[in-house]
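**Q** Okay, here's the structure, questions in a sec.
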Amino acid sequence: MTEAWWPEDDDKDRPLPSSVKVRVPAKINLHLGVGPLRRDGYHELHTVYHAISLYDEVTARRGDTLTLTMEGVGAGSLALDDSNLIIKAARALAESAKVPAHARLHLRKSIPLAGGLAGGSADAAATLIACDALWGTGYSREDLARIAATLGSDVPFLIHGGTALGTGRGEAVSPVLARAYTWHWVVAIADGGLSTPEVYRELDRLRLGADAPSAAGSPDALFTALRQRDPAVLAPTLGNDLQPAALSLRPALAETLDAGTKAGALAALVSGSGPTCVFLARDPGHAAEVAAAVEAAQVCRTVQVAHGPVVGARVI
Ligand code: C5P
C-alpha cells in the first residue's frame with residue numbers, strides 16, 4: 001500500500017464558515033544536500049522533507065480588517081505586524097484571489113521560533129489553508145502551493161506534508177512514495193534560535209577552507225531505506241549539509257547530539273539550520289527512553305517525542 005500524499009480538494013459547495021481552524025506540522029529534513037550559492041542568494045537544494053507531529057494552529061475568523069494575535073511559544077517576542085509571515089500569507093492570497101484581506105487571525109504556537117523546524121513557514125501554510133476556506137477562494141492545494149513558494153522555500157512542503165523531495169531552493173516539492181510506515185523521533189529543542197541565512201553563510205565560509213565539510217551527496221540510499229521500513233537501515237542514510245555550519249555557530253550542539261547517541265538513538269542530527277536536534281528511535285517505547293535520557297543530560301531546553309510522516313496543513 002502507498003501512503004495517500006496529495007489530499008482530495010475540499011468540498012467547494014459548502015457555505016462559507018465564520019471561523020476556520022487549521023493545524024499544521026513542523027518539518028525535519030531527513031536529507032539536506034546543499035548545492036552552490038545561486039545568483040539570487042539562495043542555494044540549490046536536494047532535500048527530503050518529513051512532517052512530524054509537533055503542531056501549530058492558526059484560526060481565521062471573519063473581521064473588518066486584518067489582525068493577528070497569538071498565544072504559546074514566542075508570545076510577547078514574535079512581531080505580529082506586517083513583517084509576520086502569517087500576515088504576508090493572508091495578503092498574498094487576498095491579492096491573488098482579488099478579495100479583501102479581512103480576517104481575525106489567531107496563532108497557537110508550539111513549534112519553537114528559529115529552531116530549524118520551519119515553524120514560521122508552517123504558520124504561513126496554515127494561514128493560506130485557513131483563509132482559502134474562510135474566503136471561499138476555491139483554490140486547489142497546487143494553487144496554494146504556488147502562492148506558498150513566494151512566501152518561503154519550505155512553505156509549499158507544509159501545505160502537502162508527508163515525506164517529499166524538495167528541489168530548486170526547496171520550493172519544488174514532489175511526494176516520496178513509500179509503503180505506509182511510522183517513524184519515531186525525539187526532538188531536542190535548544191534555548192534560543194539560529195538564523196537560517198547566517199547558517200547558510202557559515203556553510204559557504206566553511207566550504208572555502210581546506211577542511212571543507214563533506215557533502216551529504218545524493219538521497220538515493222535514503223529513498224531505498226525508506227522503502228525498507230527498518231529504522232536501523234534508515235539511520236545511516238540520514239544527513240544534513242547544514243550540520244557542520246550549525247555546530248560551528250553553536251558548538252554546544254555537539255553535546256546535545258552526543259547525549260542522544262549515548263542514550264541509544266539510532267541516529268542523531270541537526271534539524272534543518274538548527275539548533276533543534278532530532279534522534280531516530282526504533283519504536284514509541286524506545287523514543288520515550290531516549291527522550292528521558294536526553295532530558296536528564298540537561299543539554300537542551302526541552303525534549304519532545306514525535307512521529308512522522310503526518311499530513312500537512314489541514315482544517316480541523
Ligand atoms: O526561503 P526562506 O525565506 O525560508 O529562506 C531564508 C533564507 O535562507 C534565505 O534568505 C537564504 O539566506 C537562505 N536559504 C538559502 N538557500 C535555500 C533556502 C534558504 O540560502 N535554498
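Letters A, B, ... mark the chains of the C-alpha cells in the order given; residue numbers begin at 1 per chain; ligand numbers begin at 1, in order shown.
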Select the residues contacting ligand 1 at a distance of at most 10 Å, based on only C-alpha atoms and all ligand atoms, then format the selection as JSON, numbers by chain.

**A** {"A": [32, 33, 34, 35, 36, 37, 38, 40, 41, 42, 43, 44, 45, 46, 47, 85, 118, 120, 121, 149, 150, 151, 152, 153, 154, 155, 166, 167, 168, 169, 170, 171, 195, 196, 197, 198, 199, 200, 201, 203, 204, 273]}

**Q** Step one, run DSSP on the backbone; step two, keep only residues of region 117-251 of chain A assigned to strand (DSSP E); then write them as a PyMOL selection string.

**A** chain A and resi 163-167+172-175+183-189+239-240

**Q** Could the residues in this selection be written to a file with C-alpha atoms, as an mmCIF file, in the first residue's frame?

**A**
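Output saved as out-v7.cif:
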data_model
loop_
_atom_site.group_PDB
_atom_site.id
_atom_site.type_symbol
_atom_site.label_atom_id
_atom_site.label_comp_id
_atom_site.auth_asym_id
_atom_site.auth_seq_id
_atom_site.Cartn_x
_atom_site.Cartn_y
_atom_site.Cartn_z
ATOM 1 C CA THR A 163 7.654 12.863 3.127
ATOM 2 C CA ALA A 164 8.678 14.711 -0.016
ATOM 3 C CA LEU A 165 11.664 15.601 -2.145
ATOM 4 C CA GLY A 166 12.376 19.326 -2.345
ATOM 5 C CA THR A 167 14.473 20.735 -5.189
ATOM 6 C CA ALA A 172 9.632 22.456 -5.820
ATOM 7 C CA VAL A 173 8.086 19.563 -3.937
ATOM 8 C CA SER A 174 7.249 16.048 -5.109
ATOM 9 C CA PRO A 175 5.991 13.237 -2.903
ATOM 10 C CA TRP A 183 8.997 6.624 12.125
ATOM 11 C CA HIS A 184 9.630 7.658 15.723
ATOM 12 C CA TRP A 185 11.683 10.719 16.649
ATOM 13 C CA VAL A 186 12.959 12.501 19.720
ATOM 14 C CA VAL A 187 13.209 16.264 19.295
ATOM 15 C CA ALA A 188 15.650 18.249 21.461
ATOM 16 C CA ILE A 189 14.703 21.912 21.439
ATOM 17 C CA GLY A 239 22.363 13.527 6.539
ATOM 18 C CA ASN A 240 22.399 17.307 6.749
#

**Q** Could you check the closest approach to Leu134 (chain A) for each of A:Val294, A:Leu93, A:Leu107, A:Leu113 and tell me which residue wins, using only C-alpha atoms?

**A**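 So, comparing all the options, the nearest one is A:Leu93.
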
**Q** Using only C-alpha atoms, which residues sit within 12 Å of Glu295 (chain A) once same-chain residues fewer than 5 positions away are excluded, as a list in words?

**A** Val186, Val187, Ala188, Ile189, Ala190, Thr256, Ala259, Gly260, Ala263, Ala287, Ala288, Glu289, Val290, Cys300, Arg301, Thr302, Val303, Gln304 and Val305 of chain A

**Q** Select, from A:Leu280, A:Ala291, A:Ala252, A:Val58, the residue with the minimum atom-to-atom distance to Arg23 (chain A), counting only C-alpha atoms.

**A** A:Val58

**Q** Kindly indicate which residue among A:Leu234, A:Ala215, A:Ala51, A:Leu226 lies nearest to Tyr181 (chain A), using only C-alpha atoms for the distances.

**A**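 Among A:Leu234, A:Ala215, A:Ala51, A:Leu226, it is A:Leu226 that comes nearest to Tyr181 (chain A).
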
**Q** Write out as a PyMOL selection string the residues lying within 10 Å of Ala79 (chain A), counting only C-alpha atoms and excluding same-chain residues fewer than 6 positions away.

**A** chain A and resi 68-70+85

**Q** Based on the selection just made, write C-alpha atoms of those residues as an mmCIF file, in the first residue's frame.

**A**
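Final output, saved to again35.cif:
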data_model
loop_
_atom_site.group_PDB
_atom_site.id
_atom_site.type_symbol
_atom_site.label_atom_id
_atom_site.label_comp_id
_atom_site.auth_asym_id
_atom_site.auth_seq_id
_atom_site.Cartn_x
_atom_site.Cartn_y
_atom_site.Cartn_z
ATOM 1 C CA LEU A 68 -3.139 38.791 14.247
ATOM 2 C CA THR A 69 -2.975 37.668 17.870
ATOM 3 C CA MET A 70 -1.086 34.763 19.369
ATOM 4 C CA LEU A 85 4.757 35.625 7.600
#

**Q** Counting only C-alpha atoms, figure out which residue out of A:His50, A:Arg205, A:His31, A:Arg104 gets nearest to Arg62 (chain A).

**A**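 Of A:His50, A:Arg205, A:His31, A:Arg104, the one nearest Arg62 (chain A) is A:Arg104, counting only C-alpha atoms.
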
**Q** Please list as a list in words every residue within 12 Å of His102 (chain A), counting only C-alpha atoms and excluding residues in the same chain fewer than 3 positions away.

**A**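 The residues that qualify are Ala60, Arg61, Arg62, Gly63, Asp64, Thr65, Leu66, Thr67, Leu68, Ile87, Ala90, Arg91, Leu93, Ala94, Glu95, Lys98, Val99, Leu105, Cys131, Asp132, Leu134 and Trp135 of chain A.
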
**Q** Take the residues that were just selected and, keeping C-alpha atoms, output them as a PDB file, in the first residue's frame.

**A**
ATOM      1  CA  ALA A  60      -9.159  32.574  10.936  1.00  0.00           C
ATOM      2  CA  ARG A  61     -12.397  34.393  11.821  1.00  0.00           C
ATOM      3  CA  ARG A  62     -14.430  36.960   9.938  1.00  0.00           C
ATOM      4  CA  GLY A  63     -13.312  40.558  10.555  1.00  0.00           C
ATOM      5  CA  ASP A  64     -13.358  44.063   9.041  1.00  0.00           C
ATOM      6  CA  THR A  65      -9.576  44.353   8.844  1.00  0.00           C
ATOM      7  CA  LEU A  66      -6.591  42.008   9.043  1.00  0.00           C
ATOM      8  CA  THR A  67      -5.393  41.359  12.595  1.00  0.00           C
ATOM      9  CA  LEU A  68      -3.139  38.791  14.247  1.00  0.00           C
ATOM     10  CA  ILE A  87       0.090  38.481   7.606  1.00  0.00           C
ATOM     11  CA  ALA A  90      -3.064  36.318   4.101  1.00  0.00           C
ATOM     12  CA  ARG A  91      -2.258  39.370   1.954  1.00  0.00           C
ATOM     13  CA  LEU A  93      -3.775  35.034  -1.001  1.00  0.00           C
ATOM     14  CA  ALA A  94      -6.179  38.001  -0.921  1.00  0.00           C
ATOM     15  CA  GLU A  95      -4.261  39.744  -3.687  1.00  0.00           C
ATOM     16  CA  LYS A  98      -8.874  39.552  -5.587  1.00  0.00           C
ATOM     17  CA  VAL A  99     -10.765  39.529  -2.282  1.00  0.00           C
ATOM     18  CA  LEU A 105      -6.165  35.532  12.728  1.00  0.00           C
ATOM     19  CA  CYS A 131      -8.065  31.980   4.633  1.00  0.00           C
ATOM     20  CA  ASP A 132      -8.799  29.953   1.496  1.00  0.00           C
ATOM     21  CA  LEU A 134     -12.795  31.459   5.146  1.00  0.00           C
ATOM     22  CA  TRP A 135     -12.924  33.465   1.916  1.00  0.00           C
TER      23      TRP A 135
END

**Q** Report the distance between CA of Pro25 (chain A) and CA of Gly115 (chain A) in Å, rounded to one decimal place.

**A** 13.6 Å

**Q** Just list the residues in region 27-170 of chain A DSSP gives helix (DSSP H, G or I) on the backbone, as a PyMOL selection string.

**A** chain A and resi 85-97+119-135+141-151+155-160
